[in-house]
file query-v5.pdb (PDB, C-alpha atoms)
ATOM      1  CA  MET A  10      -2.923  65.375  25.565
ATOM      2  CA  ALA A  11       0.803  65.872  26.105
ATOM      3  CA  ALA A  12       2.963  62.779  26.192
ATOM      4  CA  LYS A  13       3.673  61.555  29.693
ATOM      5  CA  LEU A  14       7.225  61.487  30.975
ATOM      6  CA  ILE A  15       8.612  57.958  31.177
ATOM      7  CA  ARG A  16      11.276  57.563  33.830
ATOM      8  CA  GLN A  17      14.084  55.062  33.375
ATOM      9  CA  SER A  18      14.706  52.551  36.152
ATOM     10  CA  ALA A  19      16.044  49.058  36.786
ATOM     11  CA  SER A  20      15.763  46.300  39.385
ATOM     12  CA  CYS A  21      17.906  43.373  40.490
ATOM     13  CA  ILE A  22      16.433  40.008  41.525
ATOM     14  CA  LEU A  23      18.993  38.448  43.854
ATOM     15  CA  ILE A  24      18.721  34.645  44.155
ATOM     16  CA  ASN A  25      20.550  32.668  46.829
ATOM     17  CA  ARG A  26      21.084  28.917  46.750
ATOM     18  CA  LEU A  27      20.233  27.152  50.015
ATOM     19  CA  PRO A  28      22.873  24.932  51.620
ATOM     20  CA  SER A  29      21.848  21.288  51.260
ATOM     21  CA  GLY A  30      21.634  20.944  55.023
ATOM     22  CA  GLU A  31      18.807  23.497  55.170
ATOM     23  CA  LEU A  32      16.493  21.528  52.878
ATOM     24  CA  CYS A  33      13.696  19.423  54.303
ATOM     25  CA  ARG A  34      11.458  16.792  52.744
ATOM     26  CA  ARG A  35       8.640  19.227  52.102
ATOM     27  CA  GLU A  36      10.908  21.812  50.502
ATOM     28  CA  THR A  37      10.302  22.077  46.747
ATOM     29  CA  PHE A  38      12.699  24.962  45.977
ATOM     30  CA  ASP A  39      16.374  24.923  46.902
ATOM     31  CA  TYR A  40      16.787  28.688  46.497
ATOM     32  CA  ARG A  41      15.386  31.912  47.909
ATOM     33  CA  ILE A  42      14.596  35.249  46.245
ATOM     34  CA  LEU A  43      15.387  38.551  47.944
ATOM     35  CA  PHE A  44      12.521  41.004  48.368
ATOM     36  CA  VAL A  45      12.554  44.376  50.066
ATOM     37  CA  LYS A  46       9.497  45.543  51.988
ATOM     38  CA  ARG A  47       8.934  49.221  51.418
ATOM     39  CA  HIS A  48       8.522  51.347  54.515
ATOM     40  CA  GLN A  49       4.961  52.149  55.584
ATOM     41  CA  LYS A  50       5.795  55.873  55.509
ATOM     42  CA  MET A  51       6.696  55.829  51.802
ATOM     43  CA  LYS A  52       4.282  57.754  49.571
ATOM     44  CA  SER A  53       4.310  55.088  46.854
ATOM     45  CA  TRP A  54       3.836  51.401  47.479
ATOM     46  CA  PRO A  55       3.945  51.533  51.313
ATOM     47  CA  GLY A  56       4.358  48.048  52.745
ATOM     48  CA  ALA A  57       4.676  46.361  49.341
ATOM     49  CA  LEU A  58       7.189  43.631  48.543
ATOM     50  CA  VAL A  59       9.344  44.599  45.565
ATOM     51  CA  PHE A  60      12.689  43.693  44.060
ATOM     52  CA  PRO A  61      15.556  46.057  44.921
ATOM     53  CA  GLY A  62      15.602  48.789  42.317
ATOM     54  CA  GLY A  63      15.065  52.436  41.487
ATOM     55  CA  ASN A  64      15.520  55.245  39.014
ATOM     56  CA  ILE A  65      18.550  55.800  36.817
ATOM     57  CA  GLU A  66      20.369  58.940  37.925
ATOM     58  CA  LYS A  67      21.117  61.694  35.425
ATOM     59  CA  ALA A  68      24.844  61.287  35.952
ATOM     60  CA  GLU A  69      24.554  57.621  34.952
ATOM     61  CA  MET A  70      22.826  58.376  31.656
ATOM     62  CA  GLY A  71      25.423  60.588  30.040
ATOM     63  CA  PRO A  72      24.684  63.094  27.260
ATOM     64  CA  ASN A  73      23.831  60.556  24.538
ATOM     65  CA  PHE A  74      21.608  58.140  26.451
ATOM     66  CA  SER A  75      18.309  57.038  24.921
ATOM     67  CA  ALA A  76      15.821  54.553  26.321
ATOM     68  CA  LEU A  77      15.667  50.925  25.188
ATOM     69  CA  SER A  78      12.439  49.181  24.212
ATOM     70  CA  SER A  79      13.825  45.628  24.500
ATOM     71  CA  LEU A  80      16.939  43.806  25.669
ATOM     72  CA  PRO A  81      18.672  41.751  22.947
ATOM     73  CA  PRO A  82      20.025  38.222  23.447
ATOM     74  CA  ARG A  83      23.548  37.787  24.780
ATOM     75  CA  SER A  84      26.188  39.046  22.355
ATOM     76  CA  PRO A  85      29.879  38.018  22.195
ATOM     77  CA  SER A  86      30.732  41.718  22.404
ATOM     78  CA  GLY A  87      28.622  42.198  25.522
ATOM     79  CA  PRO A  88      25.672  44.545  26.175
ATOM     80  CA  CYS A  89      25.558  47.882  24.398
ATOM     81  CA  GLU A  90      26.312  51.019  26.413
ATOM     82  CA  ARG A  91      22.616  51.912  26.647
ATOM     83  CA  GLU A  92      21.880  48.563  28.299
ATOM     84  CA  GLU A  93      24.914  48.965  30.557
ATOM     85  CA  VAL A  94      23.264  52.076  32.024
ATOM     86  CA  TYR A  95      20.317  49.965  33.197
ATOM     87  CA  ARG A  96      22.645  47.270  34.516
ATOM     88  CA  ARG A  97      24.760  49.694  36.527
ATOM     89  CA  CYS A  98      21.613  51.187  37.995
ATOM     90  CA  ALA A  99      20.328  47.738  39.042
ATOM     91  CA  LEU A 100      23.577  46.890  40.888
ATOM     92  CA  ARG A 101      23.790  50.324  42.521
ATOM     93  CA  GLU A 102      20.209  50.114  43.781
ATOM     94  CA  LEU A 103      20.803  46.598  45.088
ATOM     95  CA  GLU A 104      23.758  47.833  47.135
ATOM     96  CA  GLU A 105      21.977  50.970  48.374
ATOM     97  CA  GLU A 106      18.780  49.207  49.433
ATOM     98  CA  THR A 107      20.232  45.993  50.879
ATOM     99  CA  GLY A 108      23.914  46.612  51.602
ATOM    100  CA  TYR A 109      24.907  43.874  49.135
ATOM    101  CA  ARG A 110      28.574  44.119  48.207
ATOM    102  CA  ASN A 111      30.676  41.683  46.226
ATOM    103  CA  SER A 112      33.784  43.001  44.510
ATOM    104  CA  SER A 113      33.800  40.087  42.065
ATOM    105  CA  VAL A 114      30.294  40.844  40.728
ATOM    106  CA  THR A 115      30.042  43.034  37.634
ATOM    107  CA  THR A 116      27.226  44.031  35.302
ATOM    108  CA  SER A 117      28.161  41.051  33.093
ATOM    109  CA  HIS A 118      26.757  38.709  35.771
ATOM    110  CA  LEU A 119      23.238  40.127  35.378
ATOM    111  CA  ILE A 120      20.763  38.130  33.280
ATOM    112  CA  PRO A 121      17.630  39.832  31.866
ATOM    113  CA  TRP A 122      14.385  38.393  33.242
ATOM    114  CA  SER A 123      11.719  40.911  32.166
ATOM    115  CA  PHE A 124      11.223  44.459  30.912
ATOM    116  CA  TRP A 125       8.143  46.273  32.219
ATOM    117  CA  GLN A 126       6.614  49.572  31.249
ATOM    118  CA  THR A 127       3.919  51.173  33.378
ATOM    119  CA  PRO A 128       0.406  51.073  31.805
ATOM    120  CA  LEU A 129      -0.523  54.019  29.588
ATOM    121  CA  VAL A 130      -3.218  55.290  31.937
ATOM    122  CA  TYR A 131      -0.916  56.102  34.877
ATOM    123  CA  PRO A 132       0.269  59.709  35.355
ATOM    124  CA  VAL A 133       3.849  58.645  36.201
ATOM    125  CA  ARG A 134       5.321  55.896  34.058
ATOM    126  CA  PHE A 135       8.522  53.846  34.155
ATOM    127  CA  ASN A 136      10.682  51.688  31.908
ATOM    128  CA  ALA A 137      11.880  48.963  34.254
ATOM    129  CA  PRO A 138      14.042  46.018  33.148
ATOM    130  CA  MET A 139      14.497  43.310  35.790
ATOM    131  CA  PHE A 140      17.805  41.426  35.985
ATOM    132  CA  LEU A 141      18.644  38.173  37.778
ATOM    133  CA  LEU A 142      21.788  37.854  39.880
ATOM    134  CA  PHE A 143      22.663  34.398  41.212
ATOM    135  CA  THR A 144      24.734  33.906  44.347
ATOM    136  CA  PRO A 145      25.704  30.553  45.896
ATOM    137  CA  SER A 146      26.257  32.112  49.332
ATOM    138  CA  MET A 147      25.285  35.304  51.082
ATOM    139  CA  ALA A 148      26.793  37.643  53.674
ATOM    140  CA  PRO A 149      24.443  39.482  56.072
ATOM    141  CA  LEU A 150      22.523  42.336  54.474
ATOM    142  CA  THR A 151      21.241  45.612  55.934
ATOM    143  CA  PRO A 152      18.030  47.345  54.728
ATOM    144  CA  GLN A 153      18.285  50.987  53.671
ATOM    145  CA  GLU A 154      17.150  53.215  56.524
ATOM    146  CA  GLY A 155      14.048  55.302  55.838
ATOM    147  CA  GLU A 156      12.946  53.527  52.644
ATOM    148  CA  ILE A 157      13.126  49.807  53.408
ATOM    149  CA  GLU A 158      11.316  48.310  56.397
ATOM    150  CA  CYS A 159      12.949  44.884  56.145
ATOM    151  CA  LEU A 160      14.468  42.312  53.797
ATOM    152  CA  GLN A 161      12.816  38.959  53.162
ATOM    153  CA  TRP A 162      14.265  35.815  51.564
ATOM    154  CA  LEU A 163      11.346  33.822  50.165
ATOM    155  CA  SER A 164      10.867  30.817  47.905
ATOM    156  CA  PRO A 165       8.132  31.100  45.249
ATOM    157  CA  ALA A 166       6.016  28.676  47.285
ATOM    158  CA  GLU A 167       6.372  30.770  50.463
ATOM    159  CA  LEU A 168       5.634  33.933  48.547
ATOM    160  CA  PHE A 169       2.240  32.794  47.299
ATOM    161  CA  SER A 170       1.130  31.078  50.496
ATOM    162  CA  ASN A 171       1.330  34.103  52.789
ATOM    163  CA  PRO A 172      -1.930  36.127  52.876
ATOM    164  CA  LYS A 173      -0.197  39.081  54.544
ATOM    165  CA  LEU A 174       2.126  39.809  51.639
ATOM    166  CA  MET A 175       1.293  42.620  49.226
ATOM    167  CA  MET A 176       2.824  42.837  45.771
ATOM    168  CA  ALA A 177       2.520  44.812  42.541
ATOM    169  CA  PRO A 178       1.488  42.985  39.334
ATOM    170  CA  PRO A 179       5.025  42.961  37.785
ATOM    171  CA  GLN A 180       6.489  41.303  40.879
ATOM    172  CA  VAL A 181       3.617  38.802  40.915
ATOM    173  CA  ILE A 182       4.105  37.764  37.299
ATOM    174  CA  ASP A 183       7.913  37.757  37.458
ATOM    175  CA  SER A 184       7.758  35.544  40.556
ATOM    176  CA  LEU A 185       5.338  33.144  38.886
ATOM    177  CA  LYS A 186       7.966  32.557  36.214
ATOM    178  CA  PHE A 187      10.089  30.741  38.810
ATOM    179  CA  PHE A 188       7.556  27.949  39.406
ATOM    180  CA  PRO A 189       8.670  25.647  36.533
ATOM    181  CA  HIS A 190      12.242  25.753  37.920
ATOM    182  CA  ARG A 191      12.447  24.114  41.342
ATOM    183  CA  ARG A 192      16.210  23.742  41.559
ATOM    184  CA  PHE A 193      18.875  26.444  41.575
ATOM    185  CA  GLU A 194      20.981  24.851  38.847
ATOM    186  CA  ALA A 195      17.920  24.308  36.643
ATOM    187  CA  LEU A 196      16.937  27.970  37.009
ATOM    188  CA  VAL A 197      20.453  29.148  36.189
ATOM    189  CA  SER A 198      20.539  26.896  33.111
ATOM    190  CA  PHE A 199      17.132  28.093  31.905
ATOM    191  CA  ALA A 200      17.958  31.767  32.441
ATOM    192  CA  GLU A 201      21.301  31.475  30.632
ATOM    193  CA  ASP A 202      19.733  29.589  27.710
ATOM    194  CA  ARG A 203      16.869  32.084  27.414
ATOM    195  CA  TYR A 204      19.315  35.013  27.466
ATOM    196  CA  ALA A 205      21.435  33.369  24.757
ATOM    197  CA  ASN A 206      18.515  32.782  22.401
ATOM    198  CA  HIS A 207      15.642  35.105  23.213
ATOM    199  CA  PRO A 208      15.254  38.900  23.416
ATOM    200  CA  THR A 209      13.522  40.329  26.469
ATOM    201  CA  ARG A 210      10.571  42.274  25.154
ATOM    202  CA  GLN A 211       9.152  45.349  26.783
ATOM    203  CA  CYS A 212       5.736  44.630  28.266
ATOM    204  CA  THR A 213       3.146  47.385  28.755
ATOM    205  CA  PRO A 214       0.032  45.889  30.402
ATOM    206  CA  VAL A 215      -3.367  47.290  29.458
ATOM    207  CA  LEU A 216      -5.845  47.446  32.322
ATOM    208  CA  VAL A 217      -9.481  46.724  31.450
ATOM    209  CA  GLN A 218     -12.202  47.436  34.015
ATOM    210  CA  PHE A 219     -15.092  44.967  33.832
ATOM    211  CA  ARG A 220     -18.123  44.975  36.097
ATOM    212  CA  ASP A 221     -16.690  42.081  38.097
ATOM    213  CA  GLY A 222     -13.031  43.082  38.258
ATOM    214  CA  ILE A 223      -9.912  44.261  36.462
ATOM    215  CA  ALA A 224      -7.982  42.284  33.847
ATOM    216  CA  ALA A 225      -4.360  43.196  33.141
ATOM    217  CA  LEU A 226      -3.790  42.182  29.524
ATOM    218  CA  LEU A 227      -0.318  41.314  28.241
ATOM    219  CA  PRO A 228       1.024  41.686  24.672
ATOM    220  CA  ASP A 229       0.273  38.111  23.517
ATOM    221  CA  ASP A 230      -3.356  38.209  24.689
ATOM    222  CA  SER A 231      -5.816  38.117  21.794
ATOM    223  CA  PHE A 232      -7.695  41.183  23.093
ATOM    224  CA  TYR A 233      -4.526  43.194  23.807
ATOM    225  CA  GLY A 234      -4.216  45.035  20.472
ATOM    226  CA  GLU A 235      -7.789  46.292  20.435
ATOM    227  CA  ALA A 236      -7.664  47.236  24.112
ATOM    228  CA  SER A 237      -4.383  49.117  23.612
ATOM    229  CA  ASP A 238      -5.803  51.101  20.682
ATOM    230  CA  ARG A 239      -8.908  52.007  22.645
ATOM    231  CA  GLN A 240      -6.833  53.056  25.661
ATOM    232  CA  LEU A 241      -4.781  55.392  23.470
ATOM    233  CA  GLU A 242      -7.982  57.266  22.590
ATOM    234  CA  ASP A 243      -8.305  58.411  26.222
ATOM    235  CA  LEU A 244      -5.346  58.219  28.592
ATOM    236  CA  SER A 245      -7.180  59.954  31.441
ATOM    237  CA  LYS A 246      -8.952  56.847  32.747
ATOM    238  CA  THR A 247      -8.846  53.059  32.751
ATOM    239  CA  LEU A 248     -10.496  51.416  29.752
ATOM    240  CA  THR A 249     -13.967  50.256  30.874
ATOM    241  CA  LEU A 250     -16.193  47.604  29.319
ATOM    242  CA  GLY A 251     -19.777  47.367  30.586
ATOM    243  CA  CYS A 252     -19.853  43.594  30.910
ATOM    244  CA  ASP A 253     -18.605  40.813  33.155
ATOM    245  CA  MET A 254     -15.377  39.027  32.267
ATOM    246  CA  SER A 255     -17.353  35.814  31.981
ATOM    247  CA  GLU A 256     -19.512  37.403  29.271
ATOM    248  CA  ASN A 257     -16.583  38.406  27.065
ATOM    249  CA  GLU A 258     -15.405  35.485  24.947
ATOM    250  CA  GLU A 259     -12.243  37.260  23.837
ATOM    251  CA  VAL A 260     -11.153  37.835  27.417
ATOM    252  CA  GLN A 261     -11.967  34.250  28.346
ATOM    253  CA  GLU A 262      -9.823  33.001  25.476
ATOM    254  CA  VAL A 263      -6.723  35.108  26.133
ATOM    255  CA  MET A 264      -3.577  33.113  26.631
ATOM    256  CA  MET A 265      -2.570  34.928  29.813
ATOM    257  CA  ARG A 266      -4.007  37.387  32.273
ATOM    258  CA  SER A 267      -3.668  38.631  35.799
ATOM    259  CA  VAL A 268      -7.142  39.170  37.218
ATOM    260  CA  VAL A 269      -8.423  40.843  40.353
ATOM    261  CA  SER A 270     -12.129  40.121  40.827
ATOM    262  CA  LYS A 271     -14.745  39.299  43.410
ATOM    263  CA  GLU A 272     -14.099  35.579  42.797
ATOM    264  CA  GLY A 273     -10.461  35.955  43.811
ATOM    265  CA  ARG A 274      -7.137  36.452  42.110
ATOM    266  CA  ARG A 275      -5.858  34.213  39.345
ATOM    267  CA  PHE A 276      -3.029  34.198  36.867
ATOM    268  CA  LYS A 277      -3.866  32.021  33.900
ATOM    269  CA  GLY A 278      -1.446  30.994  31.245
ATOM    270  CA  SER A 279      -0.362  28.255  28.894
ATOM    271  CA  GLY A 280       2.526  27.597  26.585
ATOM    272  CA  GLN A 281       5.269  30.228  26.356
ATOM    273  CA  TRP A 282       5.328  33.957  26.937
ATOM    274  CA  ASP A 283       8.421  36.041  26.244
ATOM    275  CA  GLY A 284      10.504  32.887  26.407
ATOM    276  CA  HIS A 285       9.027  31.778  29.744
ATOM    277  CA  PRO A 286       6.904  28.651  30.257
ATOM    278  CA  MET A 287       3.791  29.682  32.189
ATOM    279  CA  ALA A 288       1.057  27.872  34.101
ATOM    280  CA  SER A 289      -2.206  28.642  35.891
ATOM    281  CA  VAL A 290      -1.650  29.582  39.531
ATOM    282  CA  GLY A 291      -4.103  30.635  42.227
ATOM    283  CA  LEU A 292      -3.275  33.984  43.820
ATOM    284  CA  ASP A 293      -5.994  34.054  46.461
ATOM    285  CA  ASN A 294      -3.434  34.598  49.236
ATOM    286  CA  VAL A 295      -1.663  37.503  47.539
ATOM    287  CA  GLN A 296      -2.716  41.118  47.893
ATOM    288  CA  ILE A 297      -2.211  42.486  44.377
ATOM    289  CA  ARG A 298      -2.024  46.259  44.504
ATOM    290  CA  GLU A 299      -2.523  48.299  41.372
ATOM    291  CA  MET A 300       0.159  50.806  40.379
ATOM    292  CA  GLU A 301      -0.217  54.347  41.669
TER     293      GLU A 301
END
call {"tool": "encode", "arguments": {"input": "query-v5.pdb", "output": "structure tokens"}}
result
Amino acid sequence: MAAKLIRQSASCILINRLPSGELCRRETFDYRILFVKRHQKMKSWPGALVFPGGNIEKAEMGPNFSALSSLPPRSPSGPCEREEVYRRCALRELEEETGYRNSSVTTSHLIPWSFWQTPLVYPVRFNAPMFLLFTPSMAPLTPQEGEIECLQWLSPAELFSNPKLMMAPPQVIDSLKFFPHRRFEALVSFAEDRYANHPTRQCTPVLVQFRDGIAALLPDDSFYGEASDRQLEDLSKTLTLGCDMSENEEVQEVMMRSVVSKEGRRFKGSGQWDGHPMASVGLDNVQIREME
């Protein structure tokens, strides 16, 4: 089977600190994350909440561009030119989709948060680094006509308590990473420290179809290597195991997984993953839509 084309893209996760006067006693996060809701008429991901982002344009790549497979820690000399291509794309897409403009913001203000690659089984695949951009205040934004239905500022708690919201697995997992950091300054400090000391690895989930649901395995899961090898043997369909998840000890013992099953949706984790502390979180109120 011929190798599938992997498109290069990038996204920007804009985070706004709330004024102290807007906080209430029950508020656990003093910041909001910007999501765009894709228009219902879009062919891909209609109605889904995503981070602003899109494909790198040919003119942005230049003649010598080649794709990255990870983002290195912060360097005194700054990001390499290949990484700068992704960064410029993330800022351009943020402006196009939301109307965000700030003449003082440059690509150097972006902090890597994740680097996703679409699972092997999908016909159209993407390399998609996600960058954080922190802003202490925000001017009014305007959604891109035709593609974006609306813009939504949400805290992590609001995001996972609304049953009407629909998200893709990368946005779910990237948003879960915010839960250990309840305060804006703490999140900024963590993100800066992680960027200074930890590379951002590319993550290619492997989907495994069990009788009772789908498990999206991540690189540090104990079953990931075997599942990845078996998927490579046949890229035309999702890897299928003829058992329940509860019957497979290796799946039950994996460090992390995002699961969609008849019992509900869960993300289970412990310890660290790609430099992020993770925890078990119930996703029963989130509509997790598989990639198309």
call {"tool": "resolve_selection", "arguments": {"input": "query-v5.pdb", "expression": "the PyMOL selection byres ((chain A and resi 151) around 6)", "output": "list in words"}}
result
Thr107, Gly108, Leu150 and Pro152 of chain A
call {"tool": "resolve_selection", "arguments": {"input": "query-v5.pdb", "expression": "the PyMOL selection byres ((chain A and resi 194) around 12)", "output": "PyMOL selection string"}}
result
chain A and resi 24-27+38-40+143-145+190-193+195-201
call {"tool": "write_last_selection", "arguments": {"input": "query-v5.pdb", "atoms": "C-alpha atoms", "output": "compact mmCIF listing (two decimals), keeping the file's coordinate frame"}}
result
# COMPACT_ATOMS: atom_id res chain seq x y z
CA ILE A 24 18.72 34.65 44.16
CA ASN A 25 20.55 32.67 46.83
CA ARG A 26 21.08 28.92 46.75
CA LEU A 27 20.23 27.15 50.02
CA PHE A 38 12.70 24.96 45.98
CA ASP A 39 16.37 24.92 46.90
CA TYR A 40 16.79 28.69 46.50
CA PHE A 143 22.66 34.40 41.21
CA THR A 144 24.73 33.91 44.35
CA PRO A 145 25.70 30.55 45.90
CA HIS A 190 12.24 25.75 37.92
CA ARG A 191 12.45 24.11 41.34
CA ARG A 192 16.21 23.74 41.56
CA PHE A 193 18.88 26.44 41.58
CA ALA A 195 17.92 24.31 36.64
CA LEU A 196 16.94 27.97 37.01
CA VAL A 197 20.45 29.15 36.19
CA SER A 198 20.54 26.90 33.11
CA PHE A 199 17.13 28.09 31.90
CA ALA A 200 17.96 31.77 32.44
CA GLU A 201 21.30 31.48 30.63
call {"tool": "closest_residue", "arguments": {"input": "query-v5.pdb", "among": "A:Val130, A:Ser184, A:Lys50, A:Glu156", "to": "Phe169 in chain A", "atoms": "all atoms listed in the file"}}
result
A:Ser184
call {"tool": "resolve_selection", "arguments": {"input": "query-v5.pdb", "expression": "the PyMOL selection byres ((chain A and resi 104) around 10)", "output": "ChimeraX atom specification"}}
result
/A:21,61-62,98-103,105-111,150-153
call {"tool": "write_last_selection", "arguments": {"input": "query-v5.pdb", "atoms": "C-alpha atoms", "output": "short mmCIF file (atom, residue, chain, number, x, y, z; two decimals), in the frame of the given file"}}
result
data_model
loop_
_atom_site.label_atom_id
_atom_site.label_comp_id
_atom_site.auth_asym_id
_atom_site.auth_seq_id
_atom_site.Cartn_x
_atom_site.Cartn_y
_atom_site.Cartn_z
CA CYS A 21 17.91 43.37 40.49
CA PRO A 61 15.56 46.06 44.92
CA GLY A 62 15.60 48.79 42.32
CA CYS A 98 21.61 51.19 37.99
CA ALA A 99 20.33 47.74 39.04
CA LEU A 100 23.58 46.89 40.89
CA ARG A 101 23.79 50.32 42.52
CA GLU A 102 20.21 50.11 43.78
CA LEU A 103 20.80 46.60 45.09
CA GLU A 105 21.98 50.97 48.37
CA GLU A 106 18.78 49.21 49.43
CA THR A 107 20.23 45.99 50.88
CA GLY A 108 23.91 46.61 51.60
CA TYR A 109 24.91 43.87 49.14
CA ARG A 110 28.57 44.12 48.21
CA ASN A 111 30.68 41.68 46.23
CA LEU A 150 22.52 42.34 54.47
CA THR A 151 21.24 45.61 55.93
CA PRO A 152 18.03 47.34 54.73
CA GLN A 153 18.28 50.99 53.67
#
call {"tool": "atom_distance", "arguments": {"input": "query-v5.pdb", "atom1": "CA of Leu14 in chain A", "atom2": "CA of Ser75 in chain A"}}
result
13.4 Å
call {"tool": "closest_residue", "arguments": {"input": "query-v5.pdb", "among": "A:Thr115, A:Pro88, A:Gly155, A:Met139", "to": "Gln49 in chain A", "atoms": "all atoms listed in the file"}}
result
A:Gly155
call {"tool": "atom_distance", "arguments": {"input": "query-v5.pdb", "atom1": "CA of Pro165 in chain A", "atom2": "CA of Phe187 in chain A"}}
result
6.7 Å
